[in-house]
>>> print(open('data06.txt').read())   # compact mmCIF, C-alpha atoms
# COMPACT_ATOMS: atom_id res chain seq x y z
CA ASP A 497 0.00 0.00 0.00
CA ALA A 498 1.12 3.53 -0.71
CA GLY A 499 2.11 5.55 2.30
CA VAL A 500 1.66 9.25 2.85
CA ILE A 501 2.83 11.04 -0.28
CA GLN A 502 4.29 14.52 -0.14
CA SER A 503 5.43 16.88 -2.83
CA PRO A 504 7.74 18.51 -3.56
CA ARG A 505 10.52 16.65 -1.76
CA HIS A 506 12.83 19.62 -2.01
CA GLU A 507 12.18 23.26 -2.73
CA VAL A 508 14.42 26.28 -2.77
CA THR A 509 12.67 29.59 -3.09
CA GLU A 510 13.37 33.25 -2.63
CA MET A 511 12.08 35.25 0.30
CA GLY A 512 8.66 36.68 -0.44
CA GLN A 513 7.60 33.92 -2.82
CA GLU A 514 4.58 31.71 -2.29
CA VAL A 515 5.23 28.09 -1.39
CA THR A 516 2.67 25.31 -1.62
CA LEU A 517 3.30 21.92 -0.09
CA ARG A 518 1.06 19.03 -0.98
CA CYS A 519 0.03 15.86 0.75
CA LYS A 520 -1.94 12.74 -0.04
CA PRO A 521 -2.80 10.79 3.11
CA ILE A 522 -3.24 7.05 3.35
CA SER A 523 -6.63 6.05 2.04
CA GLY A 524 -9.17 5.65 4.83
CA HIS A 525 -7.29 7.75 7.34
CA ASP A 526 -9.54 10.43 8.83
CA TYR A 527 -6.81 12.39 10.60
CA LEU A 528 -4.21 14.45 8.78
CA PHE A 529 -1.37 16.34 10.45
CA TRP A 530 1.15 18.92 9.29
CA TYR A 531 4.38 19.07 11.29
CA ARG A 532 7.46 21.25 10.96
CA GLN A 533 10.88 20.02 12.02
CA THR A 534 13.85 22.28 12.74
CA MET A 535 17.03 21.83 14.72
CA MET A 536 16.03 24.56 17.12
CA GLN A 537 12.40 23.68 17.79
CA GLY A 538 12.29 19.98 17.05
CA LEU A 539 9.00 18.58 15.78
CA GLU A 540 6.14 21.08 15.94
CA LEU A 541 2.51 20.41 15.14
CA LEU A 542 1.21 23.17 12.89
CA VAL A 543 -2.33 21.99 12.19
CA TYR A 544 -4.44 18.88 12.07
CA PHE A 545 -7.65 17.85 10.35
CA ASN A 546 -10.35 15.36 11.21
CA ASN A 547 -12.62 14.40 8.34
CA LYS A 548 -11.33 17.40 6.34
CA ALA A 549 -12.18 19.90 9.08
CA VAL A 550 -9.50 21.88 10.89
CA MET A 551 -9.47 20.74 14.50
CA ASP A 552 -6.52 22.71 15.81
CA ASP A 553 -4.31 25.23 14.05
CA SER A 554 -2.93 26.92 17.13
CA GLY A 555 0.62 26.01 16.14
CA MET A 556 0.42 27.66 12.77
CA PRO A 557 1.42 31.30 12.16
CA LYS A 558 -1.85 32.65 10.82
CA ASP A 559 -0.44 35.69 9.09
CA ARG A 560 1.46 33.74 6.46
CA PHE A 561 0.48 30.09 6.72
CA SER A 562 -2.73 28.48 5.57
CA ALA A 563 -3.79 24.85 5.40
CA LYS A 564 -6.62 23.31 3.47
CA MET A 565 -8.08 19.89 2.91
CA PRO A 566 -10.58 20.13 0.07
CA ASN A 567 -11.17 16.40 -0.04
CA ALA A 568 -10.26 13.28 1.89
CA SER A 569 -7.26 12.51 -0.28
CA PHE A 570 -5.53 15.86 -0.58
CA SER A 571 -4.21 18.63 1.63
CA THR A 572 -2.07 21.70 1.07
CA LEU A 573 0.05 23.86 3.31
CA LYS A 574 0.70 27.28 1.85
CA ILE A 575 3.20 29.89 2.95
CA GLN A 576 2.79 33.40 1.59
CA PRO A 577 5.04 35.32 1.73
CA SER A 578 7.85 32.95 2.64
CA GLU A 579 10.69 34.03 4.92
CA PRO A 580 14.11 32.52 5.64
CA ARG A 581 12.93 31.43 9.10
CA ASP A 582 10.42 29.13 7.36
CA SER A 583 13.30 26.96 6.18
CA ALA A 584 12.59 23.53 7.66
CA VAL A 585 11.37 20.06 6.87
CA TYR A 586 7.61 19.88 6.67
CA PHE A 587 6.00 16.53 7.34
CA CYS A 588 2.51 15.45 6.53
CA ALA A 589 1.15 12.51 8.49
CA SER A 590 -2.11 10.63 8.73
CA SER A 591 -3.84 8.29 11.13
CA PHE A 592 -6.94 6.11 11.13
CA GLN A 593 -8.32 6.93 14.57
CA PRO A 594 -7.32 8.22 17.98
CA GLY A 595 -4.59 6.20 19.64
CA ASN A 596 -3.47 4.59 16.44
CA THR A 597 -0.11 4.92 14.80
CA ILE A 598 0.64 8.12 12.91
CA TYR A 599 2.14 7.47 9.49
CA PHE A 600 4.55 10.10 8.23
CA GLY A 601 5.45 11.09 4.72
CA GLU A 602 9.07 11.52 3.74
CA GLY A 603 8.90 15.26 4.18
CA SER A 604 9.29 18.38 2.10
CA TRP A 605 12.66 20.07 2.55
CA LEU A 606 12.10 23.81 2.22
CA THR A 607 14.88 26.36 1.93
CA VAL A 608 14.00 30.05 1.72
CA VAL A 609 16.90 32.26 0.66
CA ALA B 1488 -1.63 18.48 29.90
CA GLN B 1489 0.59 15.72 28.67
CA SER B 1490 4.32 16.05 28.09
CA VAL B 1491 7.34 13.98 27.22
CA THR B 1492 10.94 14.38 28.32
CA GLN B 1493 13.73 12.56 26.56
CA LEU B 1494 16.91 12.60 28.59
CA GLY B 1495 19.95 13.23 26.46
CA SER B 1496 19.83 14.77 23.02
CA HIS B 1497 22.67 12.46 21.94
CA VAL B 1498 23.56 8.95 23.03
CA SER B 1499 26.73 7.31 21.80
CA VAL B 1500 27.36 3.56 22.00
CA SER B 1501 29.75 1.07 20.49
CA GLU B 1502 28.51 -1.54 18.07
CA GLY B 1503 27.35 -4.55 20.07
CA ALA B 1504 26.72 -2.55 23.24
CA LEU B 1505 23.42 -2.08 25.03
CA VAL B 1506 21.24 0.75 23.79
CA LEU B 1507 19.18 2.65 26.39
CA LEU B 1508 17.17 5.70 25.39
CA ARG B 1509 15.21 7.34 28.17
CA CYS B 1510 11.71 8.73 28.06
CA ASN B 1511 9.59 10.08 30.90
CA TYR B 1512 6.06 11.27 30.41
CA SER B 1513 3.35 13.09 32.26
CA SER B 1514 -0.31 12.49 31.62
CA SER B 1515 -3.44 13.02 33.66
CA VAL B 1516 -5.04 9.87 32.26
CA PRO B 1517 -3.67 6.48 31.25
CA PRO B 1518 -1.51 7.11 28.22
CA TYR B 1519 -0.70 5.55 24.93
CA LEU B 1520 3.06 5.67 24.44
CA PHE B 1521 5.07 5.40 21.26
CA TRP B 1522 8.62 5.26 20.03
CA TYR B 1523 9.32 6.44 16.50
CA VAL B 1524 12.59 6.29 14.58
CA GLN B 1525 13.77 8.72 11.92
CA TYR B 1526 16.58 7.66 9.62
CA PRO B 1527 18.51 10.37 7.78
CA ASN B 1528 16.44 12.19 5.18
CA GLN B 1529 13.33 10.19 5.96
CA GLY B 1530 10.09 10.62 7.83
CA LEU B 1531 9.33 9.12 11.21
CA GLN B 1532 8.23 5.51 11.41
CA LEU B 1533 6.80 3.55 14.29
CA LEU B 1534 9.15 1.35 16.30
CA LEU B 1535 6.66 0.22 18.92
CA LYS B 1536 3.68 1.35 20.97
CA TYR B 1537 2.09 0.73 24.34
CA THR B 1538 -1.70 0.77 24.54
CA SER B 1539 -2.40 -0.60 28.05
CA ALA B 1540 -1.84 -4.26 27.26
CA ALA B 1541 1.48 -5.88 28.18
CA THR B 1542 3.88 -3.50 29.91
CA LEU B 1543 6.85 -4.87 27.99
CA VAL B 1544 6.44 -4.01 24.36
CA LYS B 1545 8.51 -5.51 21.58
CA GLY B 1546 9.07 -3.59 18.39
CA ILE B 1547 10.91 -3.89 15.15
CA ASN B 1548 14.65 -4.39 14.71
CA GLY B 1549 15.09 -5.93 18.17
CA PHE B 1550 13.96 -2.90 20.16
CA GLU B 1551 11.72 -3.11 23.18
CA ALA B 1552 10.34 -0.74 25.79
CA GLU B 1553 8.86 -1.20 29.23
CA PHE B 1554 6.01 0.87 30.59
CA LYS B 1555 6.60 1.66 34.28
CA LYS B 1556 3.68 3.56 35.73
CA SER B 1557 5.34 4.15 39.09
CA GLU B 1558 8.30 5.82 37.38
CA THR B 1559 6.23 7.40 34.55
CA SER B 1560 8.83 6.03 32.18
CA PHE B 1561 8.91 4.27 28.85
CA HIS B 1562 12.60 3.67 28.14
CA LEU B 1563 13.70 2.09 24.87
CA THR B 1564 16.32 -0.65 24.88
CA LYS B 1565 18.14 -2.96 22.53
CA PRO B 1566 20.63 -5.57 23.80
CA SER B 1567 23.16 -5.13 21.02
CA ALA B 1568 23.56 -2.03 18.88
CA HIS B 1569 24.12 -2.29 15.16
CA MET B 1570 25.54 0.37 12.90
CA SER B 1571 22.21 0.56 11.11
CA ASP B 1572 20.52 1.68 14.35
CA ALA B 1573 22.10 5.12 14.03
CA ALA B 1574 19.11 7.46 13.76
CA GLU B 1575 16.95 9.94 15.65
CA TYR B 1576 14.49 8.42 18.12
CA PHE B 1577 11.33 10.13 19.31
CA CYS B 1578 9.15 9.25 22.24
CA ALA B 1579 5.50 10.33 22.08
CA VAL B 1580 2.54 10.26 24.45
CA SER B 1581 -1.14 10.33 23.62
CA LYS B 1582 -4.15 10.29 25.88
CA THR B 1583 -6.48 7.35 25.79
CA GLY B 1584 -9.44 9.70 25.96
CA GLY B 1585 -10.18 13.31 25.13
CA SER B 1586 -7.64 15.06 22.93
CA TYR B 1587 -5.90 12.59 20.72
CA ILE B 1588 -3.02 14.76 19.64
CA PRO B 1589 0.21 13.01 20.48
CA THR B 1590 2.97 15.03 22.08
CA PHE B 1591 6.47 14.29 20.84
CA GLY B 1592 9.71 14.58 22.74
CA ARG B 1593 12.66 16.55 21.36
CA GLY B 1594 14.32 13.40 20.10
CA THR B 1595 17.53 11.55 20.92
CA SER B 1596 20.19 11.03 18.32
CA LEU B 1597 21.74 7.57 18.59
CA ILE B 1598 25.34 7.39 17.42
CA VAL B 1599 26.87 3.95 16.94
CA HIS B 1600 30.66 3.60 16.82
CA PRO B 1601 32.38 0.68 15.11
>>> encode(input="data06.txt", output="structure tokens")
Amino acid sequence: DAGVIQSPRHEVTEMGQEVTLRCKPISGHDYLFWYRQTMMQGLELLVYFNNKAVMDDSGMPKDRFSAKMPNASFSTLKIQPSEPRDSAVYFCASSFQPGNTIYFGEGSWLTVV
Amino acid sequence: AQSVTQLGSHVSVSEGALVLLRCNYSSSVPPYLFWYVQYPNQGLQLLLKYTSAATLVKGINGFEAEFKKSETSFHLTKPSAHMSDAAEYFCAVSKTGGSYIPTFGRGTSLIVHP
């Protein structure tokens, strides 16, 4: 079975540009998570969805970040405008139900110069 | 609120030596506990999980962890380290009821010397 699929795997962009990260969760998983990983902060939860609805986005900077899940098999995380401090690895993950294993994608490596 | 503390950001062992990665948690209700491993340039993957069944949990690649309620610990061990075990290890705690969101520790980097 296919795991969580993320794209792009790597992106280098200039400060001020819009960045869109994409995610396809595992089929049948109702929960979708966006995490950011940096050396300084470790693994941070930005936002998570349950059945396509945002349940908690308290970890996401609202002024420049937005997350959407238009259907059960697709989610985007958008950064506009991007800043150098957004450079990180962004992971999408999904899970079937509470208490179950979270399955991570391979990550999107973002560099903002 | 739940939280996880991983003692030691880096642990260095020799190949063939015992691996011990420490994790302490706090939770107001019985927890689910997880260990995830992250190999270089990859996402996290589950090593093992505790969900209130047996307190000694066996995972993949020879790892195991023991849930000790009295010590609020869930330490990860492996009798004999292999070079391929070099990775970042994350402990996570999730409540059995209420908010499901798992809380991850800061991670421990395991370094294995020949």
>>> residues_near_point(input="data06.txt", point="(9.2, 5.7, 22.8)", cutoff="6 Å", atoms="all atoms listed in the file", output="number ranges by chain")
B: 1521-1522, 1578-1579
>>> closest_residue(input="data06.txt", among="A:Glu510, A:Asp526, A:Asp582, A:Glu540", to="chain B", atoms="all atoms listed in the file")
A:Glu540
>>> interface_residues(input="data06.txt", of="chain A", to="chain B", cutoff="12 Å", atoms="all atoms listed in the file", output="count of residues only")
50
>>> axis_aligned_box(input="data06.txt", around="stretch 1492-1510 of chain B", padding_each_side="8 Å", output="lines of an AutoDock Vina configuration file")
center_x = 20.3
center_y = 5.1
center_z = 23.3
size_x = 34.8
size_y = 35.3
size_z = 26.5
>>> residues_near_point(input="data06.txt", point="(-0.8, 27.6, 8.0)", cutoff="7 Å", atoms="all atoms listed in the file", output="ChimeraX atom specification")
/A:542,556-558,560-563,573-575
>>> residues_around(input="data06.txt", residues="B:Glu1558", least_positions_apart="5", cutoff="12 Å", atoms="only C-alpha atoms", output="PDB file with C-alpha atoms, in the coordinates of the input")
ATOM      1  CA  ARG B1509      15.210   7.340  28.170  1.00  0.00           C
ATOM      2  CA  CYS B1510      11.710   8.730  28.060  1.00  0.00           C
ATOM      3  CA  ASN B1511       9.590  10.080  30.900  1.00  0.00           C
ATOM      4  CA  TYR B1512       6.060  11.270  30.410  1.00  0.00           C
ATOM      5  CA  SER B1513       3.350  13.090  32.260  1.00  0.00           C
ATOM      6  CA  GLU B1553       8.860  -1.200  29.230  1.00  0.00           C
TER       7      GLU B1553
END
>>> atom_distance(input="data06.txt", atom1="atom CA of B:Thr1595", atom2="atom CA of B:Leu1563")
10.9 Å
>>> atom_distance(input="data06.txt", atom1="atom CA of B:Val1506", atom2="atom CA of B:Gln1489")
26.0 Å
>>> residues_around(input="data06.txt", residues="A:Val608", least_positions_apart="5", cutoff="6 Å", atoms="all atoms listed in the file", output="list of chain:residue names")
A:Val508, A:Thr509, A:Glu510, A:Met511, A:Pro580, A:Ser583
>>> atom_distance(input="data06.txt", atom1="atom CA of A:Thr607", atom2="atom CA of A:Pro577")
13.3 Å
>>> decode(input="data06.txt", residues="stretch 1543-1579 of chain B", atoms="N, CA, C and O atoms", output="tab-separated table (two decimals), in the first residue's frame")
chain	number	residue	atom	x	y	z
B	1543	LEU	N	5.63	-4.75	28.79
B	1543	LEU	CA	6.85	-4.87	27.99
B	1543	LEU	C	6.44	-5.02	26.53
B	1543	LEU	O	5.77	-5.98	26.15
B	1544	VAL	N	6.86	-4.06	25.75
B	1544	VAL	CA	6.44	-4.01	24.36
B	1544	VAL	C	7.63	-4.29	23.46
B	1544	VAL	O	8.69	-3.68	23.61
B	1545	LYS	N	7.45	-5.20	22.54
B	1545	LYS	CA	8.51	-5.51	21.58
B	1545	LYS	C	8.20	-4.84	20.25
B	1545	LYS	O	7.06	-4.83	19.79
B	1546	GLY	N	9.25	-4.28	19.66
B	1546	GLY	CA	9.07	-3.59	18.39
B	1546	GLY	C	9.93	-4.20	17.30
B	1546	GLY	O	10.41	-5.31	17.40
B	1547	ILE	N	10.13	-3.41	16.28
B	1547	ILE	CA	10.91	-3.89	15.15
B	1547	ILE	C	12.40	-3.75	15.42
B	1547	ILE	O	12.81	-3.00	16.32
B	1548	ASN	N	13.19	-4.49	14.67
B	1548	ASN	CA	14.65	-4.39	14.71
B	1548	ASN	C	15.24	-4.70	16.09
B	1548	ASN	O	16.31	-4.20	16.43
B	1549	GLY	N	14.55	-5.50	16.89
B	1549	GLY	CA	15.09	-5.93	18.17
B	1549	GLY	C	14.91	-4.95	19.32
B	1549	GLY	O	15.43	-5.18	20.42
B	1550	PHE	N	14.20	-3.88	19.10
B	1550	PHE	CA	13.96	-2.90	20.16
B	1550	PHE	C	12.79	-3.33	21.04
B	1550	PHE	O	11.86	-3.97	20.57
B	1551	GLU	N	12.84	-2.92	22.28
B	1551	GLU	CA	11.72	-3.11	23.18
B	1551	GLU	C	11.67	-1.97	24.18
B	1551	GLU	O	12.66	-1.26	24.39
B	1552	ALA	N	10.51	-1.79	24.79
B	1552	ALA	CA	10.34	-0.74	25.79
B	1552	ALA	C	9.42	-1.24	26.88
B	1552	ALA	O	8.52	-2.05	26.63
B	1553	GLU	N	9.66	-0.77	28.09
B	1553	GLU	CA	8.86	-1.20	29.23
B	1553	GLU	C	8.13	-0.02	29.83
B	1553	GLU	O	8.74	1.01	30.17
B	1554	PHE	N	6.83	-0.15	29.95
B	1554	PHE	CA	6.01	0.87	30.59
B	1554	PHE	C	6.08	0.67	32.11
B	1554	PHE	O	5.74	-0.40	32.62
B	1555	LYS	N	6.54	1.71	32.82
B	1555	LYS	CA	6.60	1.66	34.28
B	1555	LYS	C	5.79	2.83	34.81
B	1555	LYS	O	6.27	3.97	34.83
B	1556	LYS	N	4.58	2.51	35.26
B	1556	LYS	CA	3.68	3.56	35.73
B	1556	LYS	C	4.24	4.30	36.93
B	1556	LYS	O	4.16	5.52	37.03
B	1557	SER	N	4.84	3.55	37.85
B	1557	SER	CA	5.34	4.15	39.09
B	1557	SER	C	6.47	5.14	38.82
B	1557	SER	O	6.67	6.10	39.58
B	1558	GLU	N	7.19	4.93	37.74
B	1558	GLU	CA	8.30	5.82	37.38
B	1558	GLU	C	7.91	6.77	36.23
B	1558	GLU	O	8.74	7.58	35.82
B	1559	THR	N	6.71	6.66	35.74
B	1559	THR	CA	6.23	7.40	34.55
B	1559	THR	C	7.30	7.38	33.46
B	1559	THR	O	7.67	8.41	32.90
B	1560	SER	N	7.77	6.17	33.18
B	1560	SER	CA	8.83	6.03	32.18
B	1560	SER	C	8.44	5.03	31.11
B	1560	SER	O	7.59	4.15	31.32
B	1561	PHE	N	9.11	5.18	29.99
B	1561	PHE	CA	8.91	4.27	28.85
B	1561	PHE	C	10.23	4.23	28.09
B	1561	PHE	O	10.34	4.66	26.95
B	1562	HIS	N	11.25	3.69	28.71
B	1562	HIS	CA	12.60	3.67	28.14
B	1562	HIS	C	12.72	2.62	27.04
B	1562	HIS	O	12.16	1.53	27.13
B	1563	LEU	N	13.49	2.96	26.04
B	1563	LEU	CA	13.70	2.09	24.87
B	1563	LEU	C	15.05	1.40	25.01
B	1563	LEU	O	16.05	2.05	25.32
B	1564	THR	N	15.07	0.10	24.77
B	1564	THR	CA	16.32	-0.65	24.88
B	1564	THR	C	16.50	-1.59	23.70
B	1564	THR	O	15.54	-1.98	23.04
B	1565	LYS	N	17.78	-1.92	23.50
B	1565	LYS	CA	18.14	-2.96	22.53
B	1565	LYS	C	19.42	-3.60	23.06
B	1565	LYS	O	20.36	-2.87	23.41
B	1566	PRO	N	19.47	-4.91	23.16
B	1566	PRO	CA	20.63	-5.57	23.80
B	1566	PRO	C	21.96	-5.30	23.09
B	1566	PRO	O	22.99	-5.15	23.74
B	1567	SER	N	21.92	-5.23	21.77
B	1567	SER	CA	23.16	-5.13	21.02
B	1567	SER	C	22.99	-4.16	19.85
B	1567	SER	O	22.23	-4.44	18.92
B	1568	ALA	N	23.70	-3.05	19.92
B	1568	ALA	CA	23.56	-2.03	18.88
B	1568	ALA	C	24.21	-2.46	17.57
B	1568	ALA	O	25.27	-3.10	17.56
B	1569	HIS	N	23.58	-2.05	16.50
B	1569	HIS	CA	24.12	-2.29	15.16
B	1569	HIS	C	24.33	-0.94	14.50
B	1569	HIS	O	23.63	0.03	14.81
B	1570	MET	N	25.27	-0.89	13.58
B	1570	MET	CA	25.54	0.37	12.90
B	1570	MET	C	24.29	0.96	12.26
B	1570	MET	O	24.11	2.18	12.24
B	1571	SER	N	23.42	0.09	11.79
B	1571	SER	CA	22.21	0.56	11.11
B	1571	SER	C	21.18	1.17	12.06
B	1571	SER	O	20.17	1.72	11.61
B	1572	ASP	N	21.43	1.07	13.37
B	1572	ASP	CA	20.52	1.68	14.35
B	1572	ASP	C	20.75	3.18	14.51
B	1572	ASP	O	19.96	3.87	15.17
B	1573	ALA	N	21.81	3.70	13.93
B	1573	ALA	CA	22.10	5.12	14.03
B	1573	ALA	C	20.97	5.92	13.40
B	1573	ALA	O	20.68	5.78	12.20
B	1574	ALA	N	20.30	6.73	14.21
B	1574	ALA	CA	19.11	7.46	13.76
B	1574	ALA	C	18.67	8.38	14.89
B	1574	ALA	O	19.26	8.41	15.97
B	1575	GLU	N	17.59	9.10	14.63
B	1575	GLU	CA	16.95	9.94	15.65
B	1575	GLU	C	15.74	9.18	16.17
B	1575	GLU	O	14.96	8.62	15.39
B	1576	TYR	N	15.58	9.17	17.49
B	1576	TYR	CA	14.49	8.42	18.12
B	1576	TYR	C	13.60	9.38	18.90
B	1576	TYR	O	14.09	10.22	19.67
B	1577	PHE	N	12.30	9.25	18.68
B	1577	PHE	CA	11.33	10.13	19.31
B	1577	PHE	C	10.36	9.32	20.16
B	1577	PHE	O	9.79	8.33	19.70
B	1578	CYS	N	10.17	9.80	21.37
B	1578	CYS	CA	9.15	9.25	22.24
B	1578	CYS	C	7.91	10.14	22.12
B	1578	CYS	O	8.04	11.37	21.97
B	1579	ALA	N	6.73	9.54	22.19
B	1579	ALA	CA	5.50	10.33	22.08
B	1579	ALA	C	4.46	9.77	23.04
B	1579	ALA	O	4.41	8.56	23.30
